[in-house]
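Peer 1: So I've got this file, model30.cif, and it contains mmCIF, C-alpha atoms and all ligand atoms:
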data_final
#
loop_
_atom_site.label_atom_id
_atom_site.label_comp_id
_atom_site.auth_asym_id
_atom_site.auth_seq_id
_atom_site.Cartn_x
_atom_site.Cartn_y
_atom_site.Cartn_z
CA MET S 1148 18.90 -10.42 -34.54
CA ASN S 1149 16.67 -12.32 -32.13
CA LYS S 1150 18.69 -13.05 -28.97
CA LYS S 1151 15.99 -15.04 -27.14
CA LYS S 1152 17.46 -17.97 -25.14
CA THR S 1153 15.82 -20.93 -23.41
CA LYS S 1154 16.06 -21.21 -19.60
CA THR S 1155 18.64 -24.01 -19.88
CA THR S 1156 20.69 -22.00 -22.39
CA GLU S 1157 20.71 -19.10 -19.92
CA LYS S 1158 21.98 -21.45 -17.19
CA VAL S 1159 24.66 -22.79 -19.55
CA GLU S 1160 25.65 -19.22 -20.45
CA ASN S 1161 25.96 -18.40 -16.78
CA PHE S 1162 28.13 -21.51 -16.35
CA TYR S 1163 30.54 -20.62 -19.22
CA SER S 1164 30.63 -16.95 -18.21
CA LYS S 1165 32.64 -18.00 -15.14
CA ASN S 1166 35.21 -19.77 -17.32
CA PRO S 1167 34.92 -19.13 -21.06
CA PHE S 1168 35.87 -22.32 -22.94
CA PRO S 1169 38.39 -23.32 -24.27
CA SER S 1170 40.07 -19.99 -23.43
CA TYR S 1171 43.41 -18.65 -24.70
CA GLN S 1172 46.85 -19.22 -23.23
CA VAL S 1173 48.45 -16.23 -21.55
CA ASN S 1174 50.04 -14.01 -24.27
CA GLU S 1175 48.86 -16.28 -27.10
CA ASN S 1176 48.99 -14.71 -30.55
CA LYS S 1177 47.93 -15.40 -34.15
CA LEU S 1178 51.07 -17.36 -34.95
CA ASP S 1179 50.53 -19.64 -31.92
CA ILE S 1180 46.99 -20.40 -33.14
CA LEU S 1181 48.30 -21.15 -36.63
CA ILE S 1182 51.05 -23.47 -35.36
CA LYS S 1183 48.67 -25.28 -32.99
CA GLY S 1184 45.99 -25.61 -35.69
CA ASP S 1185 48.48 -27.03 -38.19
CA LYS S 1186 49.70 -29.54 -35.59
CA ASN S 1187 46.18 -30.80 -34.93
CA VAL S 1188 45.38 -33.17 -37.82
CA LEU S 1189 41.63 -32.67 -37.57
CA SER S 1190 41.74 -28.86 -37.76
CA LYS S 1191 44.45 -28.93 -40.43
CA GLN S 1192 42.44 -31.27 -42.67
CA PHE S 1193 39.32 -29.21 -42.05
CA LYS S 1194 41.11 -26.06 -43.21
CA ILE S 1195 42.30 -27.80 -46.38
CA PHE S 1196 38.75 -29.10 -46.98
CA ALA S 1197 37.21 -25.65 -46.43
CA GLY S 1198 39.38 -24.03 -49.13
CA SER S 1199 38.51 -20.38 -49.74
CA ASN S 1200 35.63 -17.98 -50.43
CA LYS S 1201 33.23 -19.93 -48.21
CA LYS S 1202 30.76 -18.81 -45.59
CA ILE S 1203 31.55 -20.98 -42.58
CA LEU S 1204 29.54 -21.15 -39.36
CA GLU S 1205 31.23 -22.31 -36.17
CA ALA S 1206 28.14 -23.01 -34.08
CA GLY S 1207 28.84 -22.89 -30.35
CA CYS S 1208 32.33 -21.52 -30.92
CA GLY S 1209 33.15 -20.70 -27.28
CA THR S 1210 36.23 -18.46 -27.45
CA ALA S 1211 36.47 -19.28 -31.18
CA GLN S 1212 39.99 -20.68 -31.60
CA LEU S 1213 38.90 -22.84 -34.53
CA SER S 1214 37.25 -19.87 -36.31
CA CYS S 1215 40.44 -17.97 -35.77
CA TYR S 1216 42.61 -20.72 -37.26
CA LEU S 1217 40.29 -21.07 -40.27
CA ALA S 1218 40.19 -17.31 -40.83
CA ILE S 1219 43.95 -16.68 -40.80
CA SER S 1220 45.30 -16.32 -44.36
CA SER S 1221 42.10 -17.58 -45.97
CA GLY S 1222 39.48 -15.89 -48.12
CA ASN S 1223 36.69 -17.39 -46.02
CA ILE S 1224 34.22 -15.50 -43.86
CA LEU S 1225 33.77 -17.07 -40.46
CA TYR S 1226 30.57 -16.64 -38.47
CA SER S 1227 31.22 -17.54 -34.84
CA LEU S 1228 28.03 -18.07 -32.89
CA ASP S 1229 27.73 -18.76 -29.19
CA ALA S 1230 25.19 -18.32 -26.40
CA THR S 1231 27.84 -17.03 -23.97
CA LYS S 1232 28.47 -13.34 -24.48
CA LYS S 1233 31.52 -13.42 -22.21
CA SER S 1234 33.21 -16.05 -24.46
CA LEU S 1235 32.48 -13.98 -27.55
CA ASP S 1236 33.95 -10.91 -25.82
CA VAL S 1237 37.17 -12.86 -25.11
CA ALA S 1238 37.21 -13.96 -28.78
CA GLN S 1239 36.54 -10.46 -30.16
CA LYS S 1240 39.29 -8.99 -27.97
CA PHE S 1241 41.73 -11.51 -29.46
CA PHE S 1242 40.60 -10.82 -33.06
CA ASP S 1243 41.00 -7.07 -32.49
CA LYS S 1244 44.44 -7.47 -30.90
CA GLU S 1245 45.60 -9.69 -33.78
CA LYS S 1246 43.82 -7.63 -36.48
CA ILE S 1247 41.78 -10.57 -37.77
CA LYS S 1248 38.94 -9.05 -39.75
CA ASN S 1249 37.15 -11.91 -41.54
CA ILE S 1250 35.25 -13.21 -38.46
CA LYS S 1251 31.84 -12.03 -37.33
CA THR S 1252 30.71 -12.97 -33.81
CA ILE S 1253 27.03 -13.62 -33.16
CA GLU S 1254 25.43 -14.05 -29.75
CA GLY S 1255 22.50 -16.45 -29.83
CA ASP S 1256 20.82 -19.72 -28.94
CA LEU S 1257 21.03 -22.58 -31.44
CA LEU S 1258 17.64 -23.75 -30.21
CA ASN S 1259 16.14 -20.60 -31.71
CA GLU S 1260 15.37 -21.31 -35.37
CA ASN S 1261 15.31 -17.59 -36.20
CA ILE S 1262 18.82 -16.84 -35.02
CA LEU S 1263 20.41 -17.13 -38.51
CA PRO S 1264 19.31 -16.93 -42.15
CA TYR S 1265 18.16 -20.13 -43.89
CA ASN S 1266 20.13 -21.82 -46.74
CA PHE S 1267 23.06 -19.48 -46.13
CA PHE S 1268 26.24 -21.31 -45.06
CA ASP S 1269 28.55 -23.45 -47.22
CA ILE S 1270 29.92 -25.28 -44.19
CA ILE S 1271 28.67 -25.62 -40.62
CA TRP S 1272 30.86 -26.99 -37.84
CA CYS S 1273 29.28 -27.75 -34.46
CA SER S 1274 31.43 -29.69 -32.03
CA GLY S 1275 31.10 -30.06 -28.27
CA VAL S 1276 27.91 -28.02 -28.13
CA LEU S 1277 24.63 -29.84 -28.79
CA HIS S 1278 25.23 -32.25 -25.88
CA HIS S 1279 25.17 -29.20 -23.58
CA THR S 1280 21.67 -28.15 -24.65
CA ASP S 1281 18.34 -29.47 -23.38
CA ASN S 1282 17.30 -30.46 -26.91
CA PRO S 1283 20.28 -31.57 -29.06
CA TYR S 1284 18.02 -32.82 -31.86
CA LEU S 1285 16.21 -29.46 -32.16
CA GLY S 1286 19.58 -27.69 -32.31
CA PHE S 1287 20.67 -30.10 -35.03
CA GLN S 1288 17.47 -29.52 -37.04
CA ASN S 1289 18.02 -25.75 -36.88
CA LEU S 1290 21.58 -26.17 -38.21
CA THR S 1291 20.28 -28.08 -41.24
CA LYS S 1292 18.01 -25.09 -42.01
CA PHE S 1293 20.91 -22.63 -41.96
CA LEU S 1294 22.94 -24.81 -44.37
CA LYS S 1295 22.90 -24.29 -48.18
CA LYS S 1296 22.02 -27.10 -50.58
CA ASP S 1297 25.21 -29.17 -51.16
CA GLY S 1298 26.69 -27.54 -48.06
CA TYR S 1299 28.51 -29.67 -45.47
CA LEU S 1300 27.54 -30.19 -41.84
CA ILE S 1301 30.05 -31.55 -39.31
CA ILE S 1302 28.77 -32.59 -35.89
CA GLY S 1303 30.95 -33.57 -32.91
CA LEU S 1304 29.32 -35.11 -29.82
CA TYR S 1305 30.22 -37.04 -26.69
CA ASN S 1306 29.92 -40.75 -27.34
CA ARG S 1307 27.73 -42.83 -25.03
CA TYR S 1308 30.26 -45.71 -25.08
CA THR S 1309 33.63 -44.04 -25.66
CA ARG S 1310 33.18 -41.48 -22.88
CA LEU S 1311 33.18 -44.21 -20.22
CA ARG S 1312 36.59 -43.24 -18.80
CA THR S 1313 35.50 -39.63 -18.30
CA ASN S 1314 32.24 -40.84 -16.74
CA ILE S 1315 34.21 -42.90 -14.22
CA ARG S 1316 36.62 -40.04 -13.46
CA ARG S 1317 33.69 -37.66 -13.03
CA TYR S 1318 31.97 -40.08 -10.64
CA VAL S 1319 35.11 -40.49 -8.49
CA TYR S 1320 35.71 -36.70 -8.60
CA SER S 1321 32.16 -36.09 -7.33
CA LYS S 1322 32.80 -38.39 -4.36
CA ILE S 1323 36.10 -36.80 -3.27
CA LYS S 1324 35.80 -34.21 -0.51
CA GLY S 1325 37.96 -31.11 -0.56
CA LYS S 1326 39.00 -28.96 -3.50
CA LYS S 1327 42.70 -29.78 -3.20
CA ASN S 1328 42.17 -33.56 -3.27
CA LYS S 1329 39.76 -33.26 -6.19
CA ARG S 1330 42.38 -31.31 -8.17
CA ARG S 1331 45.14 -33.75 -7.23
CA PHE S 1332 43.03 -36.66 -8.45
CA LEU S 1333 42.35 -34.99 -11.80
CA PHE S 1334 45.97 -34.00 -12.37
CA ILE S 1335 46.92 -37.67 -11.97
CA PHE S 1336 44.13 -39.29 -13.97
CA ASP S 1337 43.15 -36.80 -16.70
CA PRO S 1338 45.65 -36.94 -19.61
CA ILE S 1339 44.71 -33.49 -20.95
CA LEU S 1340 45.37 -31.93 -17.55
CA ARG S 1341 48.64 -33.83 -17.25
CA LYS S 1342 49.74 -32.25 -20.54
CA MET S 1343 48.59 -28.74 -19.58
CA LYS S 1344 50.20 -29.02 -16.14
CA LYS S 1345 53.63 -29.01 -17.81
CA ASN S 1346 53.10 -25.30 -18.44
CA LEU S 1347 50.96 -24.37 -15.47
CA PHE S 1348 51.31 -20.59 -15.69
CA LYS S 1349 50.63 -20.28 -19.41
CA ASN S 1350 47.70 -22.71 -19.27
CA ARG S 1351 46.07 -21.51 -16.06
CA TYR S 1352 42.83 -20.24 -17.71
CA LYS S 1353 42.61 -23.30 -19.95
CA ILE S 1354 43.01 -25.64 -16.95
CA PHE S 1355 40.08 -24.05 -15.06
CA ALA S 1356 37.97 -24.10 -18.22
CA TRP S 1357 38.73 -27.81 -18.86
CA ILE S 1358 37.95 -28.92 -15.28
CA MET S 1359 34.61 -27.10 -15.25
CA ASP S 1360 33.67 -28.28 -18.73
CA GLN S 1361 34.47 -31.95 -18.13
CA TYR S 1362 33.75 -32.48 -14.45
CA ASP S 1363 31.41 -29.77 -13.16
CA HIS S 1364 29.02 -29.33 -16.08
CA ILE S 1365 25.32 -28.77 -15.41
CA VAL S 1366 23.94 -30.13 -18.71
CA GLU S 1367 25.44 -33.09 -20.58
CA SER S 1368 24.04 -35.82 -22.83
CA GLN S 1369 25.85 -38.59 -24.69
CA HIS S 1370 25.04 -40.02 -28.13
CA THR S 1371 25.89 -42.75 -30.63
CA ILE S 1372 26.96 -42.84 -34.25
CA ASP S 1373 23.73 -44.53 -35.34
CA GLU S 1374 21.60 -42.01 -33.52
CA VAL S 1375 23.29 -39.20 -35.47
CA PHE S 1376 22.94 -41.16 -38.74
CA GLU S 1377 19.20 -41.17 -38.06
CA TRP S 1378 19.22 -37.40 -37.43
CA PHE S 1379 21.02 -36.90 -40.76
CA ASN S 1380 18.68 -39.26 -42.63
CA ASN S 1381 15.51 -37.66 -41.29
CA ASN S 1382 16.62 -34.14 -42.23
CA GLY S 1383 17.81 -34.42 -45.82
CA ILE S 1384 21.52 -34.72 -45.01
CA GLN S 1385 23.51 -37.48 -46.71
CA ALA S 1386 26.12 -38.76 -44.23
CA THR S 1387 29.45 -39.13 -46.08
CA SER S 1388 31.78 -40.20 -43.28
CA TYR S 1389 32.24 -40.55 -39.54
CA PHE S 1390 35.09 -40.75 -37.07
CA PRO S 1391 36.25 -43.10 -35.61
CA ASN S 1392 35.14 -45.61 -38.23
CA ASN S 1393 37.67 -48.40 -37.67
CA PHE S 1394 39.75 -49.97 -34.94
CA ASN S 1395 43.12 -48.56 -36.01
CA TYR S 1396 42.99 -44.85 -35.45
CA SER S 1397 45.51 -43.17 -37.73
CA GLU S 1398 46.05 -39.57 -38.76
CA THR S 1399 45.08 -40.25 -42.39
CA ASP S 1400 41.58 -41.07 -41.12
CA PHE S 1401 40.87 -37.34 -40.96
CA GLU S 1402 41.93 -36.87 -44.58
CA LYS S 1403 39.43 -39.57 -45.55
CA PHE S 1404 36.82 -38.12 -43.19
CA PHE S 1405 36.69 -34.90 -45.20
CA ASN S 1406 37.27 -36.34 -48.65
CA ASP S 1407 34.93 -39.32 -48.75
CA ARG S 1408 31.99 -38.65 -51.02
CA LYS S 1409 30.01 -41.72 -50.04
CA LEU S 1410 29.53 -43.47 -46.72
CA ASN S 1411 31.71 -46.54 -46.40
CA GLU S 1412 29.10 -49.07 -45.27
CA THR S 1413 29.80 -50.92 -42.05
CA SER S 1414 27.35 -52.97 -40.01
CA PHE S 1415 25.55 -51.72 -36.90
CA ILE S 1416 27.47 -54.27 -34.78
CA GLU S 1417 30.83 -53.14 -36.21
CA ARG S 1418 29.99 -49.54 -35.32
CA ILE S 1419 29.08 -50.49 -31.74
CA LEU S 1420 32.34 -52.47 -31.39
CA VAL S 1421 34.41 -49.56 -32.75
CA GLN S 1422 32.81 -47.17 -30.24
CA ILE S 1423 33.53 -49.60 -27.38
CA TYR S 1424 37.07 -50.33 -28.61
CA HIS S 1425 38.06 -46.66 -28.54
CA ILE S 1426 37.31 -46.42 -24.81
CA PHE S 1427 40.81 -47.85 -24.37
CA GLY S 1428 42.73 -45.53 -26.74
CA SER S 1429 43.48 -41.82 -26.86
CA ILE S 1430 39.94 -40.89 -28.00
CA GLY S 1431 38.50 -42.53 -24.88
CA SER S 1432 41.09 -41.06 -22.55
CA GLU S 1433 40.52 -37.52 -23.83
CA GLY S 1434 36.72 -37.31 -23.51
CA GLY S 1435 35.27 -39.67 -26.12
CA ILE S 1436 34.09 -37.32 -28.83
CA PHE S 1437 32.97 -38.61 -32.26
CA PHE S 1438 32.22 -36.82 -35.53
CA VAL S 1439 29.78 -37.29 -38.39
CA ILE S 1440 29.93 -35.29 -41.63
CA GLY S 1441 27.27 -35.05 -44.34
CA ARG S 1442 26.05 -33.03 -47.32
CA LYS S 1443 22.65 -31.35 -47.66
CA LYS S 1444 20.63 -32.94 -50.43
CA ASN S 1445 17.95 -30.32 -51.02
C1 LIG E 1 32.39 -27.12 -24.50
S1 LIG E 1 32.17 -25.54 -25.20
C2 LIG E 1 32.75 -25.90 -26.86
C3 LIG E 1 33.37 -24.71 -27.53
C4 LIG E 1 33.97 -25.03 -28.90
N1 LIG E 1 33.01 -25.60 -29.80
C5 LIG E 1 35.14 -25.97 -28.73
O1 LIG E 1 35.03 -27.15 -29.09
O2 LIG E 1 36.19 -25.53 -28.25
C6 LIG E 1 30.42 -25.46 -25.44
C7 LIG E 1 29.95 -24.11 -25.97
O3 LIG E 1 28.60 -24.24 -26.42
C8 LIG E 1 27.92 -23.06 -26.11
N2 LIG E 1 26.47 -23.36 -26.07
C9 LIG E 1 25.83 -24.21 -25.24
N3 LIG E 1 24.51 -24.22 -25.51
C10 LIG E 1 24.34 -23.38 -26.57
C11 LIG E 1 23.21 -22.98 -27.32
N4 LIG E 1 22.00 -23.45 -27.04
N5 LIG E 1 23.38 -22.12 -28.34
C12 LIG E 1 24.62 -21.64 -28.64
N6 LIG E 1 25.73 -21.98 -27.96
C13 LIG E 1 25.59 -22.84 -26.93
C14 LIG E 1 28.47 -22.65 -24.77
O4 LIG E 1 28.25 -21.28 -24.50
C15 LIG E 1 29.94 -23.02 -24.92
O5 LIG E 1 30.70 -21.93 -25.37
#
Could I get this structure in the form of structure tokens?

Peer 2:
Amino acid sequence: MNKKKTKTTEKVENFYSKNPFPSYQVNENKLDILIKGDKNVLSKQFKIFAGSNKKILEAGCGTAQLSCYLAISSGNILYSLDATKKSLDVAQKFFDKEKIKNIKTIEGDLLNENILPYNFFDIIWCSGVLHHTDNPYLGFQNLTKFLKKDGYLIIGLYNRYTRLRTNIRRYVYSKIKGKKNKRRFLFIFDPILRKMKKNLFKNRYKIFAWIMDQYDHIVESQHTIDEVFEWFNNNGIQATSYFPNNFNYSETDFEKFFNDRKLNETSFIERILVQIYHIFGSIGSEGGIFFVIGRKKN
């Protein structure tokens, strides 16, 4: 396998090597991952959608919690790729400890088109990754090559509008002097940290990983739903759904997200308004990520 990485990818690897993301809780086990995955509507619906006997790529898996959840009690084979060897080592240690055998870890750069075989995967999931590369569109194009005809591609990216609250917090954080005051500020204003703080000891690795990932990152870009529609269109992928696609975020949206076979047409203006609207809800307060799913046409 060709492990060549770009200069930026090497810098990003160095960054995540200090705090592999998202990291495991102290003493976490397989059952904890299963319970957490079932509680999270997005991952639960994804697992139902994936079914069994599929080859699934988690591209930019970090410490591979999602791969782990999808692999437990399923006939699927998970391929967990990441540029950060240290994160993959943390993941592999967990799989070995928990005797999870249907996951293969792969170290590599998504910007390298020779890192994986072409037309191979039934499903590719890539969330929270491309916006940390120096060429998200190239990474996306490579993913479409690795996907089989009729296979599904799911992309999750930071939203240029919905991430406004994180952008403001990050700006204020950068202006505060002193580590202690910076931390204090984040523990008051970041809702994810407020939740994790309730179990400080158990979550100590996750807390470091979250602060670095959200507030100290060295490479970050932000995107829009229509930009990703264009990526899909120009690369033979038929977009079938996106999230959030309306003003009232409800848990059944994720069921629809995976089961829609045809894009529910909305206007460009509606999509802009939805992205702005969600600044003020839980999506905006927790980092402003959005998802687009589509099927490969040929
Ligand atoms: C924010 S973490 C997301 C991890 C995981 N997807 C999640 O949502 O929990 C970003 C991950 O992308 C990986 N990454 C960044 N650039 C990459 C690249 N060019 N190729 C492969 N992985 C990359 C990093 O090593 C890191 O583990």

Peer 1: Of the candidates S:Val1173, S:Leu1217, S:Leu1257, S:Leu1225, which shows the shortest atom-to-atom distance to ligand LIG 1 (chain E), using only C-alpha atoms and all ligand atoms?

Peer 2: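 Ranking S:Val1173, S:Leu1217, S:Leu1257, S:Leu1225 by distance to ligand LIG 1 (chain E), first place goes to S:Leu1257.
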
Peer 1: Just to confirm, what's the straight-line distance from CA of Tyr1320 in chain S to CA of Ser1368 in chain S in Å (one decimal)?

Peer 2: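 Rounded to one decimal, the two atoms are 18.4 Å apart.
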
Peer 1: Might you pull out every residue within 10 Å of Ala1238 in chain S, with all atoms listed in the file counted and same-chain residues fewer than 3 positions away left off, and present them as a compact mmCIF listing (two decimals) with C-alpha atoms, keeping the file's coordinate frame?

Peer 2:
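Ended up saving to selection-v8.txt:
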# COMPACT_ATOMS: atom_id res chain seq x y z
CA PRO S 1167 34.92 -19.13 -21.06
CA SER S 1170 40.07 -19.99 -23.43
CA TYR S 1171 43.41 -18.65 -24.70
CA CYS S 1208 32.33 -21.52 -30.92
CA GLY S 1209 33.15 -20.70 -27.28
CA THR S 1210 36.23 -18.46 -27.45
CA ALA S 1211 36.47 -19.28 -31.18
CA GLN S 1212 39.99 -20.68 -31.60
CA SER S 1214 37.25 -19.87 -36.31
CA CYS S 1215 40.44 -17.97 -35.77
CA SER S 1227 31.22 -17.54 -34.84
CA LYS S 1232 28.47 -13.34 -24.48
CA LYS S 1233 31.52 -13.42 -22.21
CA SER S 1234 33.21 -16.05 -24.46
CA LEU S 1235 32.48 -13.98 -27.55
CA PHE S 1241 41.73 -11.51 -29.46
CA PHE S 1242 40.60 -10.82 -33.06
CA ASP S 1243 41.00 -7.07 -32.49
CA LYS S 1244 44.44 -7.47 -30.90
CA ILE S 1250 35.25 -13.21 -38.46
CA THR S 1252 30.71 -12.97 -33.81

Peer 1: So that I can see what lies close to Phe1404 in chain S, please list as an mmCIF file with C-alpha atoms, in the frame of the given file the residues with an atom at most 9 Å from it, counting only C-alpha atoms and leaving out residues fewer than 2 positions away in the same chain.

Peer 2:
data_model
loop_
_atom_site.group_PDB
_atom_site.id
_atom_site.type_symbol
_atom_site.label_atom_id
_atom_site.label_comp_id
_atom_site.auth_asym_id
_atom_site.auth_seq_id
_atom_site.Cartn_x
_atom_site.Cartn_y
_atom_site.Cartn_z
ATOM 1 C CA GLN S 1192 42.440 -31.270 -42.670
ATOM 2 C CA THR S 1387 29.450 -39.130 -46.080
ATOM 3 C CA SER S 1388 31.780 -40.200 -43.280
ATOM 4 C CA TYR S 1389 32.240 -40.550 -39.540
ATOM 5 C CA PHE S 1390 35.090 -40.750 -37.070
ATOM 6 C CA THR S 1399 45.080 -40.250 -42.390
ATOM 7 C CA ASP S 1400 41.580 -41.070 -41.120
ATOM 8 C CA PHE S 1401 40.870 -37.340 -40.960
ATOM 9 C CA GLU S 1402 41.930 -36.870 -44.580
ATOM 10 C CA ASN S 1406 37.270 -36.340 -48.650
ATOM 11 C CA ASP S 1407 34.930 -39.320 -48.750
ATOM 12 C CA VAL S 1439 29.780 -37.290 -38.390
ATOM 13 C CA ILE S 1440 29.930 -35.290 -41.630
#

Peer 1: If we count all atoms listed in the file, what is near Tyr1163 in chain S at a cut-off of 12 Å, once residues fewer than 5 positions away on the same chain are taken out, given as a ChimeraX atom specification?

Peer 2: /S:1156-1158,1168-1170,1207-1210,1229-1235,1237,1276,1279,1355-1360,1363-1366

Peer 1: Just to confirm, what's the straight-line distance from CA of Ile1182 in chain S to CA of Gly1431 in chain S in Å (one decimal)?

Peer 2: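 Taking CA of Ile1182 in chain S as the start and CA of Gly1431 in chain S as the end point, the length is 25.1 Å.
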
Peer 1: Using only C-alpha atoms and all ligand atoms, which of S:Arg1317, S:Lys1345, S:Lys1194, S:Lys1154 sits nearest ligand LIG 1 (chain E)?

Peer 2: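 When distances to ligand LIG 1 (chain E) are compared using only C-alpha atoms and all ligand atoms, the smallest one comes from S:Lys1154.
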
Peer 1: S:Asn1259, S:Asn1346, S:Asn1223, S:Ser1397: which is nearest ligand LIG 1 (chain E), counting only C-alpha atoms and all ligand atoms?

Peer 2: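 Nearest candidate to ligand LIG 1 (chain E) out of S:Asn1259, S:Asn1346, S:Asn1223, S:Ser1397: S:Asn1259.
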
Peer 1: Taking every listed atom of range 1292-1306 of chain S and adding 4 Å to each side, what centre and edge lengths in Å (one decimal) does the axis-aligned box have, as lines of an AutoDock Vina configuration file?

Peer 2:
center_x = 24.5
center_y = -31.7
center_z = -38.9
size_x = 20.9
size_y = 26.1
size_z = 32.5
